[in-house]
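Q: Mind looking over this structure? Questions follow.
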Amino acid sequence: MKRYILIIIAVALLCTACNKNDMLKPKRTVYQTEQMSIEPTTQAPTQETELKDTEFVRVEKYIPTIVTDLKYATADNFTNQKIYDFNSAWLRYGTVKKLQLVANELETQGYCIKIWDAFRPTAAQFKLWSIYPDATYVANPNVGFSSHSRGNTVDITLVYKDGTLVPMPTGFDDFTQLADRDYSDCTDEAMENALLLENTMKKYGFKPYFGEWWHFSDVDTYEVEKTFIPTE
């Protein structure tokens with residue numbers, strides 16, 4: 001009997017020792033981490049800021065089909081002298097937007113616009129006047145500048161898509177009565193072409209000058225520009 005009592009006491013002591021050891025062991029804390037998915041930030045594309053209508057822009061940038069042949073950038077004009085030193089046509093942005101609409105419509109009929117003169121610096125106007133001081137054909141800058149110096153006026157004609165000139169009443173800077181908009185003294189073909197250009201320009205907000213079939217001014221006017229000088 002004593003023997004069984006001793007066995008029970010031994011077993012009890014052994015269990016107590018095991019429990020003590022468990023209590024002395026450090027408990028491991030299990031941390032549950034939350035899986036976070038990081039998505040790339042999508043930034044909305046920035047839109048190009050719309051230019052003001054008063055700003056000067058290079059016409060060729062906005063009307064790729066345009067043909068530029070600035071007569072006053074060479075000696076191929078009535079003065080036989082070079083008047084200004086740039087070869088790209090510059091206009092107010094507001095005027096270019098209208099001219100772009102004209103070019104788009106004419107292109108559907110097989111034509112492109114050819115520019116003979118666009119923005120003309122005031123210094124160029126003084127030079128023209130010093131060479132040819134006749135107010136009938138050249139604006140006297142001492143009295144008032146040409147509308148070309150406002151950046152809203154163009155001297156233009158039409159060409160076919162291969163660059164060939166379309167028949168018109170006269171060439172550029174013709175100082176005879178043939179150059180006016182009384183088309184009764186020119187061929188029917190020249191009259192039709194000149195009227196096509198004139199009516200399309202008027203449709204999109206340009207006013208024709210009676211004395212020169214090639215001369216058009218935006219009905220939206222601007223101040224004479226005295227500081228801007230075009231660069232290539």
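Here, A, B, ... name the chains of the structure tokens in the order displayed, residue numbers run from 1 inside each chain, and ligands are numbered from 1 in the same displayed order.
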Write out as a list in words each polymer residue whose atoms come within 12 Å of region 72-80 of chain A, counting only C-alpha atoms; drop sequence neighbours fewer than 6 positions from it.
A: Phe86, Asn87, Ser88, Ala89, Ile115, Trp116, Asp117, Ala118, Phe119, Arg120, Pro121, Ala124, Gln125, Lys127, Leu128, Trp129, Ser130, Ile131, Tyr132, Pro133, Tyr137, Val138, Asp155, Gly171, Phe172, Asp173, Asp174, Phe175 and Pro230 of chain A
Q: Emit the selected residues as a compact mmCIF listing (two decimals), in the first residue's frame, including N, CA, C and O atoms.
A:
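See part-v7.txt below for the written result:
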# COMPACT_ATOMS: atom_id res chain seq x y z
N PHE A 86 13.27 87.66 -92.20
CA PHE A 86 12.75 86.35 -91.75
C PHE A 86 11.95 85.73 -92.89
O PHE A 86 11.43 86.44 -93.76
N ASN A 87 11.86 84.41 -92.89
CA ASN A 87 11.24 83.69 -94.01
C ASN A 87 9.97 82.94 -93.63
O ASN A 87 9.36 82.30 -94.49
N SER A 88 9.58 83.00 -92.37
CA SER A 88 8.35 82.35 -91.93
C SER A 88 7.25 83.39 -91.75
O SER A 88 7.53 84.53 -91.36
N ALA A 89 6.02 82.98 -92.02
CA ALA A 89 4.88 83.89 -91.87
C ALA A 89 4.40 83.87 -90.42
O ALA A 89 4.18 82.80 -89.85
N ILE A 115 1.16 82.23 -99.10
CA ILE A 115 1.29 83.54 -98.42
C ILE A 115 2.42 84.34 -99.04
O ILE A 115 3.56 83.88 -99.12
N TRP A 116 2.09 85.57 -99.44
CA TRP A 116 3.10 86.49 -99.96
C TRP A 116 3.57 87.49 -98.90
O TRP A 116 4.69 87.98 -98.96
N ASP A 117 2.70 87.79 -97.95
CA ASP A 117 3.08 88.70 -96.86
C ASP A 117 2.12 88.48 -95.70
O ASP A 117 0.93 88.21 -95.91
N ALA A 118 2.64 88.59 -94.49
CA ALA A 118 1.80 88.42 -93.30
C ALA A 118 2.15 89.56 -92.33
O ALA A 118 2.02 90.73 -92.70
N PHE A 119 2.62 89.23 -91.11
CA PHE A 119 3.01 90.30 -90.21
C PHE A 119 4.21 91.05 -90.77
O PHE A 119 5.18 90.44 -91.22
N ARG A 120 4.12 92.38 -90.71
CA ARG A 120 5.18 93.23 -91.23
C ARG A 120 5.61 94.17 -90.09
O ARG A 120 4.84 95.02 -89.66
N PRO A 121 6.83 94.04 -89.60
CA PRO A 121 7.29 94.92 -88.51
C PRO A 121 7.21 96.39 -88.91
O PRO A 121 7.30 96.73 -90.10
N ALA A 124 9.95 97.68 -91.06
CA ALA A 124 9.83 97.33 -92.48
C ALA A 124 8.91 98.31 -93.20
O ALA A 124 9.15 98.66 -94.37
N GLN A 125 7.88 98.77 -92.49
CA GLN A 125 6.96 99.73 -93.11
C GLN A 125 7.65 101.07 -93.38
O GLN A 125 7.44 101.70 -94.41
N LYS A 127 10.78 101.38 -93.98
CA LYS A 127 11.70 101.15 -95.09
C LYS A 127 10.94 101.18 -96.42
O LYS A 127 11.42 101.77 -97.41
N LEU A 128 9.77 100.56 -96.47
CA LEU A 128 8.96 100.60 -97.68
C LEU A 128 8.61 102.04 -98.07
O LEU A 128 8.69 102.41 -99.24
N TRP A 129 8.23 102.82 -97.07
CA TRP A 129 7.84 104.21 -97.33
C TRP A 129 9.01 105.04 -97.83
O TRP A 129 8.86 105.90 -98.70
N SER A 130 10.19 104.77 -97.30
CA SER A 130 11.37 105.53 -97.73
C SER A 130 11.72 105.22 -99.18
O SER A 130 12.26 106.06 -99.90
N ILE A 131 11.39 104.00 -99.62
CA ILE A 131 11.70 103.60 -100.99
C ILE A 131 10.61 104.06 -101.96
O ILE A 131 10.88 104.52 -103.07
N TYR A 132 9.36 103.98 -101.49
CA TYR A 132 8.23 104.28 -102.38
C TYR A 132 7.19 105.10 -101.61
O TYR A 132 6.17 104.57 -101.16
N PRO A 133 7.41 106.39 -101.44
CA PRO A 133 6.51 107.23 -100.63
C PRO A 133 5.26 107.66 -101.38
O PRO A 133 5.04 108.85 -101.65
N TYR A 137 -0.31 103.30 -102.61
CA TYR A 137 0.08 101.90 -102.59
C TYR A 137 0.81 101.48 -101.32
O TYR A 137 0.87 100.28 -101.01
N VAL A 138 1.38 102.41 -100.60
CA VAL A 138 2.13 102.09 -99.38
C VAL A 138 1.62 102.97 -98.24
O VAL A 138 1.53 104.19 -98.38
N ASP A 155 -1.48 88.76 -97.34
CA ASP A 155 -1.53 88.83 -98.80
C ASP A 155 -1.36 87.40 -99.28
O ASP A 155 -0.31 86.78 -99.05
N GLY A 171 -0.38 89.36 -110.81
CA GLY A 171 0.59 88.89 -109.84
C GLY A 171 0.55 89.76 -108.59
O GLY A 171 -0.32 90.62 -108.44
N PHE A 172 1.51 89.55 -107.70
CA PHE A 172 1.56 90.30 -106.44
C PHE A 172 2.07 91.73 -106.67
O PHE A 172 2.92 91.98 -107.52
N ASP A 173 1.52 92.66 -105.90
CA ASP A 173 1.92 94.07 -105.95
C ASP A 173 1.83 94.67 -107.34
O ASP A 173 2.70 95.42 -107.78
N ASP A 174 0.74 94.33 -108.01
CA ASP A 174 0.45 94.97 -109.29
C ASP A 174 -0.30 96.26 -108.98
O ASP A 174 -1.34 96.24 -108.32
N PHE A 175 0.21 97.38 -109.45
CA PHE A 175 -0.38 98.68 -109.11
C PHE A 175 -1.31 99.21 -110.20
O PHE A 175 -1.58 100.41 -110.27
N PRO A 230 9.92 88.81 -85.57
CA PRO A 230 9.90 87.36 -85.82
C PRO A 230 11.31 86.79 -85.90
O PRO A 230 12.26 87.44 -86.36
Q: Excluding Arg181 (chain A) and any residue of its chain fewer than 6 positions from it, enumerate the residues within 9 Å of it, using only C-alpha atoms, and give them as a ChimeraX atom specification.
A: /A:169,191,194-195,208-213
Q: Identify all residues of region 21-230 of chain A in strand (DSSP E) (DSSP on the backbone) and supply them as a PyMOL selection string.
A: chain A and resi 56-58+67-68+90-92+111-117+153-160+206-208+215-218
Q: If you measure from CA of Leu106 (chain A) to CA of Thr49 (chain A), what distance in Å do you get, rounded to one decimal?
A: 28.5 Å
Q: CA of Thr122 (chain A) and CA of Thr136 (chain A), how far apart in Å?
A: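 CA of Thr122 (chain A) lies 18.3 Å from CA of Thr136 (chain A).
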Q: From region 84-138 of chain A, collect each residue whose DSSP state is alpha helix (DSSP H) and return the set as a ChimeraX atom specification.
A: /A:93-107,122-131
Q: At a cut-off of 10 Å, using only C-alpha atoms, what residues contact Phe56 (chain A)? Leave out same-chain residues fewer than 6 positions from it and give the result as a list in words.
A: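 The residues that qualify are Trp90, Leu91, Arg92, Tyr93, Gly94, Thr95, Val96, Phe119, Gly151, Asn152, Glu225, Phe228, Ile229 and Pro230 of chain A.
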Q: Please produce a file of the residues just selected, as an mmCIF file, in the first residue's frame, where the atoms kept are N, CA and C atoms.
A:
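Result written to out27.cif:
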data_model
loop_
_atom_site.group_PDB
_atom_site.id
_atom_site.type_symbol
_atom_site.label_atom_id
_atom_site.label_comp_id
_atom_site.auth_asym_id
_atom_site.auth_seq_id
_atom_site.Cartn_x
_atom_site.Cartn_y
_atom_site.Cartn_z
ATOM 1 N N TRP A 90 4.217 85.050 -89.847
ATOM 2 C CA TRP A 90 3.749 85.188 -88.467
ATOM 3 C C TRP A 90 2.454 86.001 -88.448
ATOM 4 N N LEU A 91 1.505 85.544 -87.614
ATOM 5 C CA LEU A 91 0.231 86.231 -87.443
ATOM 6 C C LEU A 91 -0.243 86.074 -86.003
ATOM 7 N N ARG A 92 -1.266 86.834 -85.652
ATOM 8 C CA ARG A 92 -1.908 86.628 -84.357
ATOM 9 C C ARG A 92 -2.575 85.254 -84.351
ATOM 10 N N TYR A 93 -2.578 84.622 -83.185
ATOM 11 C CA TYR A 93 -3.150 83.282 -83.079
ATOM 12 C C TYR A 93 -4.632 83.272 -83.458
ATOM 13 N N GLY A 94 -5.364 84.308 -83.062
ATOM 14 C CA GLY A 94 -6.776 84.388 -83.414
ATOM 15 C C GLY A 94 -6.990 84.406 -84.918
ATOM 16 N N THR A 95 -6.125 85.092 -85.636
ATOM 17 C CA THR A 95 -6.216 85.156 -87.101
ATOM 18 C C THR A 95 -5.837 83.823 -87.736
ATOM 19 N N VAL A 96 -4.842 83.165 -87.173
ATOM 20 C CA VAL A 96 -4.400 81.873 -87.705
ATOM 21 C C VAL A 96 -5.509 80.828 -87.589
ATOM 22 N N PHE A 119 2.621 89.226 -91.115
ATOM 23 C CA PHE A 119 3.010 90.303 -90.207
ATOM 24 C C PHE A 119 4.210 91.046 -90.768
ATOM 25 N N GLY A 151 -0.682 92.336 -87.385
ATOM 26 C CA GLY A 151 -0.590 90.876 -87.306
ATOM 27 C C GLY A 151 -1.880 90.161 -87.632
ATOM 28 N N ASN A 152 -2.827 90.853 -88.278
ATOM 29 C CA ASN A 152 -4.102 90.213 -88.621
ATOM 30 C C ASN A 152 -4.421 90.305 -90.114
ATOM 31 N N GLU A 225 1.724 96.326 -83.540
ATOM 32 C CA GLU A 225 2.801 95.721 -82.759
ATOM 33 C C GLU A 225 4.122 96.404 -83.097
ATOM 34 N N PHE A 228 7.608 93.290 -81.274
ATOM 35 C CA PHE A 228 7.832 91.903 -81.673
ATOM 36 C C PHE A 228 8.577 91.835 -83.009
ATOM 37 N N ILE A 229 9.646 91.045 -83.018
ATOM 38 C CA ILE A 229 10.410 90.808 -84.239
ATOM 39 C C ILE A 229 10.457 89.304 -84.468
ATOM 40 N N PRO A 230 9.919 88.812 -85.569
ATOM 41 C CA PRO A 230 9.905 87.363 -85.820
ATOM 42 C C PRO A 230 11.312 86.793 -85.900
#
Q: With only C-alpha atoms as the atoms that count, which of A:Asn142, A:Ile113, A:Glu198, A:Tyr204 lies nearest to Leu165 (chain A)?
A: A:Ile113
Q: Contacts of Thr65 (chain A) at 10 Å or less, counting only C-alpha atoms, minus same-chain residues fewer than 6 places along, as number ranges by chain?
A: A: 100, 103-104, 107, 111-114, 161
